[in-house]
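Participant: run-v4.pdb is reproduced in full below (PDB, C-alpha atoms).
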```pdb
MODEL        1
ATOM      1  CA  MET P1138     124.616  -7.330 -24.670
ATOM      2  CA  ASP P1139     124.235  -7.560 -20.911
ATOM      3  CA  SER P1140     122.255 -10.171 -19.033
ATOM      4  CA  GLN P1141     119.445  -7.712 -18.268
ATOM      5  CA  SER P1142     118.637  -7.273 -21.950
ATOM      6  CA  LEU P1143     118.494 -10.984 -22.742
ATOM      7  CA  PRO P1144     114.989 -12.342 -23.243
ATOM      8  CA  LEU P1145     114.055 -14.708 -20.463
ATOM      9  CA  ALA P1146     112.327 -18.010 -20.994
ATOM     10  CA  PRO P1147     108.848 -18.087 -19.490
ATOM     11  CA  GLU P1148     108.568 -19.476 -16.003
ATOM     12  CA  PRO P1149     107.751 -23.202 -16.071
ATOM     13  CA  ALA P1150     104.269 -22.663 -14.608
ATOM     14  CA  GLU P1151     103.506 -20.182 -17.429
ATOM     15  CA  ARG P1152     104.447 -22.594 -20.217
ATOM     16  CA  PRO P1153     101.725 -24.754 -21.720
ATOM     17  CA  ALA P1154     101.682 -28.362 -20.528
ATOM     18  CA  VAL P1155     102.158 -31.119 -23.109
ATOM     19  CA  LEU P1156     101.654 -34.780 -22.225
ATOM     20  CA  VAL P1157     104.580 -36.878 -23.514
ATOM     21  CA  SER P1158     105.242 -40.607 -23.672
ATOM     22  CA  ALA P1159     107.840 -41.104 -20.929
ATOM     23  CA  CYS P1160     109.917 -43.388 -23.153
ATOM     24  CA  LEU P1161     110.457 -40.464 -25.544
ATOM     25  CA  LEU P1162     112.164 -38.646 -22.682
ATOM     26  CA  GLY P1163     114.495 -41.598 -22.129
ATOM     27  CA  VAL P1164     112.617 -43.315 -19.289
ATOM     28  CA  ALA P1165     113.251 -47.074 -19.491
ATOM     29  CA  CYS P1166     109.601 -48.091 -19.655
ATOM     30  CA  ASN P1167     108.959 -49.551 -23.110
ATOM     31  CA  HIS P1168     108.168 -53.247 -23.508
ATOM     32  CA  ARG P1169     111.881 -54.046 -23.852
ATOM     33  CA  GLY P1170     112.671 -52.172 -20.654
ATOM     34  CA  GLU P1171     114.380 -49.367 -22.567
ATOM     35  CA  GLY P1172     113.768 -45.727 -23.360
ATOM     36  CA  SER P1173     113.367 -44.239 -26.823
ATOM     37  CA  PRO P1174     114.723 -40.716 -26.299
ATOM     38  CA  ASP P1175     113.871 -38.369 -29.127
ATOM     39  CA  PRO P1176     115.867 -35.137 -29.610
ATOM     40  CA  ALA P1177     112.889 -33.215 -31.033
ATOM     41  CA  VAL P1178     110.726 -34.157 -28.058
ATOM     42  CA  LEU P1179     113.472 -33.271 -25.591
ATOM     43  CA  ALA P1180     113.885 -29.889 -27.314
ATOM     44  CA  LEU P1181     110.213 -29.110 -26.672
ATOM     45  CA  GLY P1182     111.126 -28.759 -23.006
ATOM     46  CA  ALA P1183     112.587 -25.321 -23.731
ATOM     47  CA  SER P1184     109.159 -23.891 -24.541
ATOM     48  CA  VAL P1185     106.570 -26.154 -22.869
ATOM     49  CA  ARG P1186     106.168 -28.142 -19.671
ATOM     50  CA  LEU P1187     106.679 -31.790 -20.557
ATOM     51  CA  ILE P1188     104.351 -34.043 -18.580
ATOM     52  CA  PRO P1189     105.702 -37.611 -18.818
ATOM     53  CA  VAL P1190     103.394 -40.601 -18.774
ATOM     54  CA  CYS P1191     103.734 -44.276 -19.597
ATOM     55  CA  PRO P1192     100.166 -45.539 -19.922
ATOM     56  CA  GLU P1193     101.244 -49.191 -19.944
ATOM     57  CA  VAL P1194     103.088 -48.889 -16.627
ATOM     58  CA  ALA P1195     100.357 -46.659 -15.167
ATOM     59  CA  GLY P1196      97.853 -49.338 -16.178
ATOM     60  CA  GLY P1197      99.751 -51.969 -14.175
ATOM     61  CA  LEU P1198     102.013 -53.681 -16.710
ATOM     62  CA  PRO P1199     105.617 -54.501 -15.768
ATOM     63  CA  THR P1200     108.794 -53.339 -17.473
ATOM     64  CA  PRO P1201     109.982 -55.223 -19.425
ATOM     65  CA  ARG P1202     106.879 -57.000 -20.731
ATOM     66  CA  LEU P1203     105.825 -59.002 -23.765
ATOM     67  CA  ALA P1204     105.137 -56.960 -26.868
ATOM     68  CA  ALA P1205     101.452 -56.285 -27.458
ATOM     69  CA  GLU P1206      99.422 -55.187 -30.453
ATOM     70  CA  ARG P1207      95.914 -53.791 -30.891
ATOM     71  CA  GLY P1208      93.834 -55.720 -33.358
ATOM     72  CA  PRO P1209      91.074 -54.310 -35.563
ATOM     73  CA  ASP P1210      88.550 -55.496 -32.951
ATOM     74  CA  GLY P1211      90.059 -53.024 -30.445
ATOM     75  CA  TRP P1212      91.421 -55.700 -28.137
ATOM     76  CA  VAL P1213      95.083 -55.585 -27.122
ATOM     77  CA  ARG P1214      96.844 -58.932 -26.917
ATOM     78  CA  SER P1215     100.370 -59.786 -25.876
ATOM     79  CA  ALA P1216     102.661 -61.838 -28.094
ATOM     80  CA  ASP P1217     101.585 -64.989 -26.230
ATOM     81  CA  GLY P1218      97.894 -64.253 -26.875
ATOM     82  CA  ASP P1219      96.892 -62.919 -23.438
ATOM     83  CA  ASP P1220      94.204 -60.238 -23.458
ATOM     84  CA  VAL P1221      95.821 -57.182 -21.837
ATOM     85  CA  THR P1222      93.170 -54.676 -22.930
ATOM     86  CA  ALA P1223      92.149 -53.796 -19.359
ATOM     87  CA  PHE P1224      95.711 -52.688 -18.536
ATOM     88  CA  TYR P1225      95.714 -50.417 -21.578
ATOM     89  CA  GLU P1226      92.304 -48.976 -20.714
ATOM     90  CA  ARG P1227      93.431 -48.226 -17.125
ATOM     91  CA  GLY P1228      96.554 -46.559 -18.482
ATOM     92  CA  ALA P1229      94.515 -44.475 -20.908
ATOM     93  CA  ALA P1230      92.246 -43.338 -18.075
ATOM     94  CA  HIS P1231      95.324 -42.367 -16.047
ATOM     95  CA  ALA P1232      96.806 -40.406 -18.969
ATOM     96  CA  LEU P1233      93.516 -38.587 -19.518
ATOM     97  CA  ALA P1234      93.274 -37.697 -15.815
ATOM     98  CA  LEU P1235      96.883 -36.463 -15.883
ATOM     99  CA  ALA P1236      96.156 -34.328 -18.953
ATOM    100  CA  ARG P1237      93.154 -32.784 -17.227
ATOM    101  CA  VAL P1238      94.905 -32.047 -13.929
ATOM    102  CA  THR P1239      97.892 -30.453 -15.691
ATOM    103  CA  GLY P1240      95.818 -28.555 -18.252
ATOM    104  CA  SER P1241      97.433 -30.369 -21.184
ATOM    105  CA  THR P1242      95.598 -29.793 -24.435
ATOM    106  CA  ARG P1243      98.275 -31.458 -26.570
ATOM    107  CA  ALA P1244     100.209 -34.724 -26.410
ATOM    108  CA  VAL P1245     103.249 -36.197 -28.154
ATOM    109  CA  LEU P1246     103.031 -39.970 -27.948
ATOM    110  CA  LYS P1247     105.137 -42.875 -29.214
ATOM    111  CA  ALA P1248     104.430 -43.839 -32.813
ATOM    112  CA  ARG P1249     102.838 -47.224 -33.574
ATOM    113  CA  SER P1250     102.377 -48.234 -29.922
ATOM    114  CA  PRO P1251      99.167 -50.124 -29.044
ATOM    115  CA  SER P1252      98.669 -47.473 -26.379
ATOM    116  CA  CYS P1253     100.177 -44.326 -27.854
ATOM    117  CA  GLY P1254     100.154 -44.888 -31.611
ATOM    118  CA  SER P1255      98.694 -42.108 -33.706
ATOM    119  CA  GLY P1256      97.330 -42.828 -37.178
ATOM    120  CA  GLN P1257      99.076 -46.187 -37.561
ATOM    121  CA  ILE P1258      99.538 -49.094 -35.176
ATOM    122  CA  TYR P1259     100.538 -52.732 -35.490
ATOM    123  CA  ASP P1260      97.613 -54.891 -36.602
ATOM    124  CA  GLY P1261      97.476 -57.526 -33.875
ATOM    125  CA  SER P1262      99.128 -60.315 -35.884
ATOM    126  CA  HIS P1263     102.494 -59.844 -34.129
ATOM    127  CA  ARG P1264     104.212 -59.846 -37.509
ATOM    128  CA  ARG P1265     104.955 -56.089 -37.381
ATOM    129  CA  VAL P1266     102.273 -55.350 -39.973
ATOM    130  CA  LEU P1267     100.911 -51.798 -39.781
ATOM    131  CA  ARG P1268      97.290 -50.752 -40.141
ATOM    132  CA  ASP P1269      95.488 -47.449 -39.871
ATOM    133  CA  GLY P1270      94.303 -46.764 -36.346
ATOM    134  CA  ASP P1271      95.120 -45.270 -32.975
ATOM    135  CA  GLY P1272      96.350 -46.712 -29.716
ATOM    136  CA  VAL P1273      94.033 -46.944 -26.711
ATOM    137  CA  THR P1274      95.442 -43.834 -25.000
ATOM    138  CA  THR P1275      95.484 -41.765 -28.177
ATOM    139  CA  GLU P1276      91.866 -42.696 -28.812
ATOM    140  CA  ALA P1277      90.866 -41.660 -25.268
ATOM    141  CA  LEU P1278      92.761 -38.363 -25.419
ATOM    142  CA  ARG P1279      91.382 -37.442 -28.834
ATOM    143  CA  GLY P1280      87.903 -38.323 -27.616
ATOM    144  CA  ALA P1281      88.380 -35.703 -24.891
ATOM    145  CA  GLY P1282      89.501 -33.069 -27.406
ATOM    146  CA  ILE P1283      93.244 -33.325 -26.814
ATOM    147  CA  GLN P1284      95.443 -32.944 -29.895
ATOM    148  CA  VAL P1285      97.748 -35.970 -30.276
ATOM    149  CA  VAL P1286     100.765 -36.315 -32.558
ATOM    150  CA  SER P1287     103.681 -38.746 -32.618
ATOM    151  CA  GLU P1288     107.353 -37.878 -32.265
ATOM    152  CA  GLU P1289     107.590 -38.430 -36.014
ATOM    153  CA  ASP P1290     105.220 -35.496 -36.606
ATOM    154  CA  LEU P1291     107.492 -32.954 -34.900
TER
ENDMDL
END
```
Take the structure in this file and express it as structure tokens.

Facilitator:
Amino acid sequence: MDSQSLPLAPEPAERPAVLVSACLLGVACNHRGEGSPDPAVLALGASVRLIPVCPEVAGGLPTPRLAAERGPDGWVRSADGDDVTAFYERGAAHALALARVTGSTRAVLKARSPSCGSGQIYDGSHRRVLRDGDGVTTEALRGAGIQVVSEEDL
């Protein structure tokens, strides 16, 4: 088979855009200052345009930072009890704007995160107890009609 008969991958601009938690691509932006690279997410790059975003950093939080959890009341509090909800809301607004400008209709976000969690997040007790619910960014994206899954759903 010669190179002219090989199927070509679509040009990057022709591939659909998918918003992705930057940590899943290996960017050192999680609360520990590390990445969480995921092979399945990285493999998506062969067929879609991966649009990285870290809502926490975009919202103004440093890396590393104290762990935070979203309680049933919707507020996000750090491990020392500080209310960091506004940072998460700013980050969610940034992620939504990025999705709109890139034409992303889907997102793959980090499981259980108070920002990116999808279906289950930590309950706000800082004892690593899970509850049903979504992170702030996932909630905002879904509210705008964007399909959100976690890396564990791939």

Participant: Take atom CA of Arg1265 of chain P and atom CA of Arg1207 of chain P and report the distance between them in Å, one decimal.

Facilitator: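 Value for the atom CA of Arg1265 of chain P-atom CA of Arg1207 of chain P distance: 11.4 Å.
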
Participant: Can you build me a table of segment 1231-1279 of chain P residues sitting at most 12 Å from segment 1178-1183 of chain P, with the closest atom pair per residue and its distance in Å to one decimal, using all atoms listed in the file, sorted by chain and residue number, as CSV?

Facilitator:
```
residue,atom,partner,partner_atom,distance
P:Ala1244,CA,P:Val1178,CA,10.7
P:Val1245,CA,P:Val1178,CA,7.8
P:Leu1246,CA,P:Val1178,CA,9.6
P:Lys1247,CA,P:Val1178,CA,10.4
```

Participant: Applying 8 Å and all atoms listed in the file, which residues near Cys1166 of chain P remain after dropping the ones on its own chain fewer than 4 positions away? List them as a list in words.

Facilitator: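 Residues meeting the cut-off are Ala1159, Cys1160, Gly1170, Glu1171, Gly1172, Cys1191, Val1194, Thr1200 and Pro1201 of chain P.
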
Participant: Include C-alpha atoms and write out the residues we just selected as a PDB file, in the frame of the given file.

Facilitator:
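Saved result, out_38.pdb, follows:
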```
ATOM      1  CA  ALA P1159     107.840 -41.104 -20.929  1.00  0.00           C
ATOM      2  CA  CYS P1160     109.917 -43.388 -23.153  1.00  0.00           C
ATOM      3  CA  GLY P1170     112.671 -52.172 -20.654  1.00  0.00           C
ATOM      4  CA  GLU P1171     114.380 -49.367 -22.567  1.00  0.00           C
ATOM      5  CA  GLY P1172     113.768 -45.727 -23.360  1.00  0.00           C
ATOM      6  CA  CYS P1191     103.734 -44.276 -19.597  1.00  0.00           C
ATOM      7  CA  VAL P1194     103.088 -48.889 -16.627  1.00  0.00           C
ATOM      8  CA  THR P1200     108.794 -53.339 -17.473  1.00  0.00           C
ATOM      9  CA  PRO P1201     109.982 -55.223 -19.425  1.00  0.00           C
TER      10      PRO P1201
END
```

Participant: Could you tell me which residues the PyMOL selection byres ((chain P and resi 1175) around 8) grabs in this file, written as a list in words?

Facilitator: Leu1161, Leu1162, Gly1163, Ser1173, Pro1174, Pro1176, Ala1177, Val1178, Leu1179 and Glu1288 of chain P

Participant: Can you list, as a PDB file with C-alpha atoms, keeping the file's coordinate frame, the residues that the PyMOL selection byres ((chain P and resi 1217) around 12) selects here?

Facilitator:
```
ATOM      1  CA  ARG P1202     106.879 -57.000 -20.731  1.00  0.00           C
ATOM      2  CA  LEU P1203     105.825 -59.002 -23.765  1.00  0.00           C
ATOM      3  CA  ALA P1204     105.137 -56.960 -26.868  1.00  0.00           C
ATOM      4  CA  ALA P1205     101.452 -56.285 -27.458  1.00  0.00           C
ATOM      5  CA  GLU P1206      99.422 -55.187 -30.453  1.00  0.00           C
ATOM      6  CA  VAL P1213      95.083 -55.585 -27.122  1.00  0.00           C
ATOM      7  CA  ARG P1214      96.844 -58.932 -26.917  1.00  0.00           C
ATOM      8  CA  SER P1215     100.370 -59.786 -25.876  1.00  0.00           C
ATOM      9  CA  ALA P1216     102.661 -61.838 -28.094  1.00  0.00           C
ATOM     10  CA  GLY P1218      97.894 -64.253 -26.875  1.00  0.00           C
ATOM     11  CA  ASP P1219      96.892 -62.919 -23.438  1.00  0.00           C
ATOM     12  CA  ASP P1220      94.204 -60.238 -23.458  1.00  0.00           C
ATOM     13  CA  VAL P1221      95.821 -57.182 -21.837  1.00  0.00           C
ATOM     14  CA  GLY P1261      97.476 -57.526 -33.875  1.00  0.00           C
ATOM     15  CA  SER P1262      99.128 -60.315 -35.884  1.00  0.00           C
ATOM     16  CA  HIS P1263     102.494 -59.844 -34.129  1.00  0.00           C
TER      17      HIS P1263
END
```

Participant: Could you state the separation of atom CA of Leu1156 of chain P and atom CA of Gly1272 of chain P in Å, given to one decimal place?

Facilitator: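 Calculated distance between atom CA of Leu1156 of chain P and atom CA of Gly1272 of chain P is 15.1 Å.
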
Participant: Which residue is closest to Ala1281 of chain P? Choose from P:Arg1186, P:His1231, P:Arg1169, P:Arg1237 and count all atoms listed in the file.

Facilitator: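 Going through P:Arg1186, P:His1231, P:Arg1169, P:Arg1237 one by one, the smallest distance to Ala1281 of chain P is for P:Arg1237.
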
Participant: What is the atom CA of Ala1232 of chain P to atom CA of Ser1184 of chain P distance in Å?

Facilitator: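 Computing the Euclidean distance for atom CA of Ala1232 of chain P and atom CA of Ser1184 of chain P yields 21.4 Å.
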
Participant: Let me make sure I understand: among P:Asp1290, P:Glu1226, P:Asp1271, P:Asp1210, which one has the smallest atom-to-atom distance to Gly1256 of chain P if we use all atoms listed in the file?

Facilitator: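 Residue with the minimum atom-to-atom distance to Gly1256 of chain P: P:Asp1271.
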
Participant: Using only C-alpha atoms, which residue out of P:Val1285, P:Leu1291, P:Ile1258, P:Val1273 lies closest to Ala1236 of chain P?

Facilitator: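 When distances to Ala1236 of chain P are compared using only C-alpha atoms, the smallest one comes from P:Val1285.
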
Participant: From the set P:Thr1274, P:Ser1250, P:Thr1242, P:Gln1257, which residue has the shortest atom-to-atom contact distance to Ala1230 of chain P, counting only C-alpha atoms?

Facilitator: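 Checking each candidate against Ala1230 of chain P, we get P:Thr1274 as the closest.
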
Participant: Quick check on the file I pasted: which residues fall under the PyMOL selection byres ((chain P and resi 1227) around 9)? Write them as a short mmCIF file (atom, residue, chain, number, x, y, z; two decimals) with C-alpha atoms, keeping the file's coordinate frame.

Facilitator:
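Printed below is result-v4.cif as written:
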```
data_model
loop_
_atom_site.label_atom_id
_atom_site.label_comp_id
_atom_site.auth_asym_id
_atom_site.auth_seq_id
_atom_site.Cartn_x
_atom_site.Cartn_y
_atom_site.Cartn_z
CA PRO P 1192 100.17 -45.54 -19.92
CA GLU P 1193 101.24 -49.19 -19.94
CA ALA P 1195 100.36 -46.66 -15.17
CA GLY P 1196 97.85 -49.34 -16.18
CA GLY P 1197 99.75 -51.97 -14.18
CA THR P 1222 93.17 -54.68 -22.93
CA ALA P 1223 92.15 -53.80 -19.36
CA PHE P 1224 95.71 -52.69 -18.54
CA TYR P 1225 95.71 -50.42 -21.58
CA GLU P 1226 92.30 -48.98 -20.71
CA GLY P 1228 96.55 -46.56 -18.48
CA ALA P 1229 94.52 -44.48 -20.91
CA ALA P 1230 92.25 -43.34 -18.08
CA HIS P 1231 95.32 -42.37 -16.05
CA ALA P 1232 96.81 -40.41 -18.97
#
```

Participant: Rank P:His1168, P:Arg1279, P:Arg1152, P:Arg1249 by their smallest atom-to-atom distance to Val1266 of chain P, using only C-alpha atoms, and report the top residue only.

Facilitator: P:Arg1249

Participant: Could you add whatever atoms are missing so that segment 1201-1233 of chain P carries N, CA and C atoms, then write the result as a CSV table (one decimal), keeping the file's coordinate frame?

Facilitator:
```
chain,number,residue,atom,x,y,z
P,1201,PRO,N,110.5,-55.0,-18.1
P,1201,PRO,CA,110.0,-55.2,-19.4
P,1201,PRO,C,108.7,-56.1,-19.4
P,1202,ARG,N,108.1,-56.2,-20.6
P,1202,ARG,CA,106.9,-57.0,-20.7
P,1202,ARG,C,106.8,-57.5,-22.2
P,1203,LEU,N,106.0,-58.5,-22.4
P,1203,LEU,CA,105.8,-59.0,-23.8
P,1203,LEU,C,105.3,-57.9,-24.7
P,1204,ALA,N,105.7,-57.9,-25.9
P,1204,ALA,CA,105.1,-57.0,-26.9
P,1204,ALA,C,103.6,-57.2,-27.0
P,1205,ALA,N,102.9,-56.2,-27.3
P,1205,ALA,CA,101.5,-56.3,-27.5
P,1205,ALA,C,101.1,-55.5,-28.7
P,1206,GLU,N,99.9,-55.9,-29.3
P,1206,GLU,CA,99.4,-55.2,-30.5
P,1206,GLU,C,97.9,-55.1,-30.3
P,1207,ARG,N,97.4,-54.0,-30.9
P,1207,ARG,CA,95.9,-53.8,-30.9
P,1207,ARG,C,95.3,-54.2,-32.2
P,1208,GLY,N,94.5,-55.2,-32.1
P,1208,GLY,CA,93.8,-55.7,-33.4
P,1208,GLY,C,92.7,-54.8,-33.8
P,1209,PRO,N,92.2,-55.1,-35.0
P,1209,PRO,CA,91.1,-54.3,-35.6
P,1209,PRO,C,89.8,-54.4,-34.7
P,1210,ASP,N,89.7,-55.4,-33.8
P,1210,ASP,CA,88.6,-55.5,-33.0
P,1210,ASP,C,88.7,-54.6,-31.7
P,1211,GLY,N,89.8,-53.9,-31.6
P,1211,GLY,CA,90.1,-53.0,-30.4
P,1211,GLY,C,90.7,-53.7,-29.3
P,1212,TRP,N,90.8,-55.0,-29.2
P,1212,TRP,CA,91.4,-55.7,-28.1
P,1212,TRP,C,92.9,-55.6,-28.3
P,1213,VAL,N,93.6,-55.6,-27.1
P,1213,VAL,CA,95.1,-55.6,-27.1
P,1213,VAL,C,95.5,-56.9,-26.6
P,1214,ARG,N,96.4,-57.6,-27.3
P,1214,ARG,CA,96.8,-58.9,-26.9
P,1214,ARG,C,98.4,-59.0,-26.9
P,1215,SER,N,98.9,-59.6,-25.9
P,1215,SER,CA,100.4,-59.8,-25.9
P,1215,SER,C,100.8,-60.8,-26.9
P,1216,ALA,N,102.1,-60.9,-27.1
P,1216,ALA,CA,102.7,-61.8,-28.1
P,1216,ALA,C,102.3,-63.3,-27.8
P,1217,ASP,N,102.0,-63.6,-26.5
P,1217,ASP,CA,101.6,-65.0,-26.2
P,1217,ASP,C,100.1,-65.2,-26.2
P,1218,GLY,N,99.3,-64.1,-26.7
P,1218,GLY,CA,97.9,-64.3,-26.9
P,1218,GLY,C,97.1,-63.8,-25.7
P,1219,ASP,N,97.7,-63.4,-24.6
P,1219,ASP,CA,96.9,-62.9,-23.4
P,1219,ASP,C,96.2,-61.6,-23.7
P,1220,ASP,N,95.0,-61.5,-23.3
P,1220,ASP,CA,94.2,-60.2,-23.5
P,1220,ASP,C,94.7,-59.3,-22.4
P,1221,VAL,N,95.3,-58.2,-22.8
P,1221,VAL,CA,95.8,-57.2,-21.8
P,1221,VAL,C,95.1,-55.8,-22.0
P,1222,THR,N,93.9,-55.9,-22.6
P,1222,THR,CA,93.2,-54.7,-22.9
P,1222,THR,C,92.9,-53.9,-21.7
P,1223,ALA,N,92.5,-54.5,-20.6
P,1223,ALA,CA,92.1,-53.8,-19.4
P,1223,ALA,C,93.3,-53.0,-18.8
P,1224,PHE,N,94.5,-53.5,-19.0
P,1224,PHE,CA,95.7,-52.7,-18.5
P,1224,PHE,C,95.8,-51.4,-19.4
P,1225,TYR,N,95.6,-51.5,-20.7
P,1225,TYR,CA,95.7,-50.4,-21.6
P,1225,TYR,C,94.6,-49.4,-21.3
P,1226,GLU,N,93.4,-49.9,-21.0
P,1226,GLU,CA,92.3,-49.0,-20.7
P,1226,GLU,C,92.6,-48.2,-19.4
P,1227,ARG,N,93.1,-48.9,-18.4
P,1227,ARG,CA,93.4,-48.2,-17.1
P,1227,ARG,C,94.5,-47.2,-17.4
P,1228,GLY,N,95.5,-47.5,-18.2
P,1228,GLY,CA,96.6,-46.6,-18.5
P,1228,GLY,C,96.0,-45.4,-19.2
P,1229,ALA,N,95.1,-45.6,-20.2
P,1229,ALA,CA,94.5,-44.5,-20.9
P,1229,ALA,C,93.7,-43.6,-20.0
P,1230,ALA,N,93.0,-44.1,-19.0
P,1230,ALA,CA,92.2,-43.3,-18.1
P,1230,ALA,C,93.2,-42.5,-17.2
P,1231,HIS,N,94.3,-43.1,-16.8
P,1231,HIS,CA,95.3,-42.4,-16.0
P,1231,HIS,C,95.9,-41.2,-16.9
P,1232,ALA,N,96.2,-41.5,-18.1
P,1232,ALA,CA,96.8,-40.4,-19.0
P,1232,ALA,C,95.8,-39.3,-19.2
P,1233,LEU,N,94.5,-39.6,-19.3
P,1233,LEU,CA,93.5,-38.6,-19.5
P,1233,LEU,C,93.4,-37.8,-18.2
```
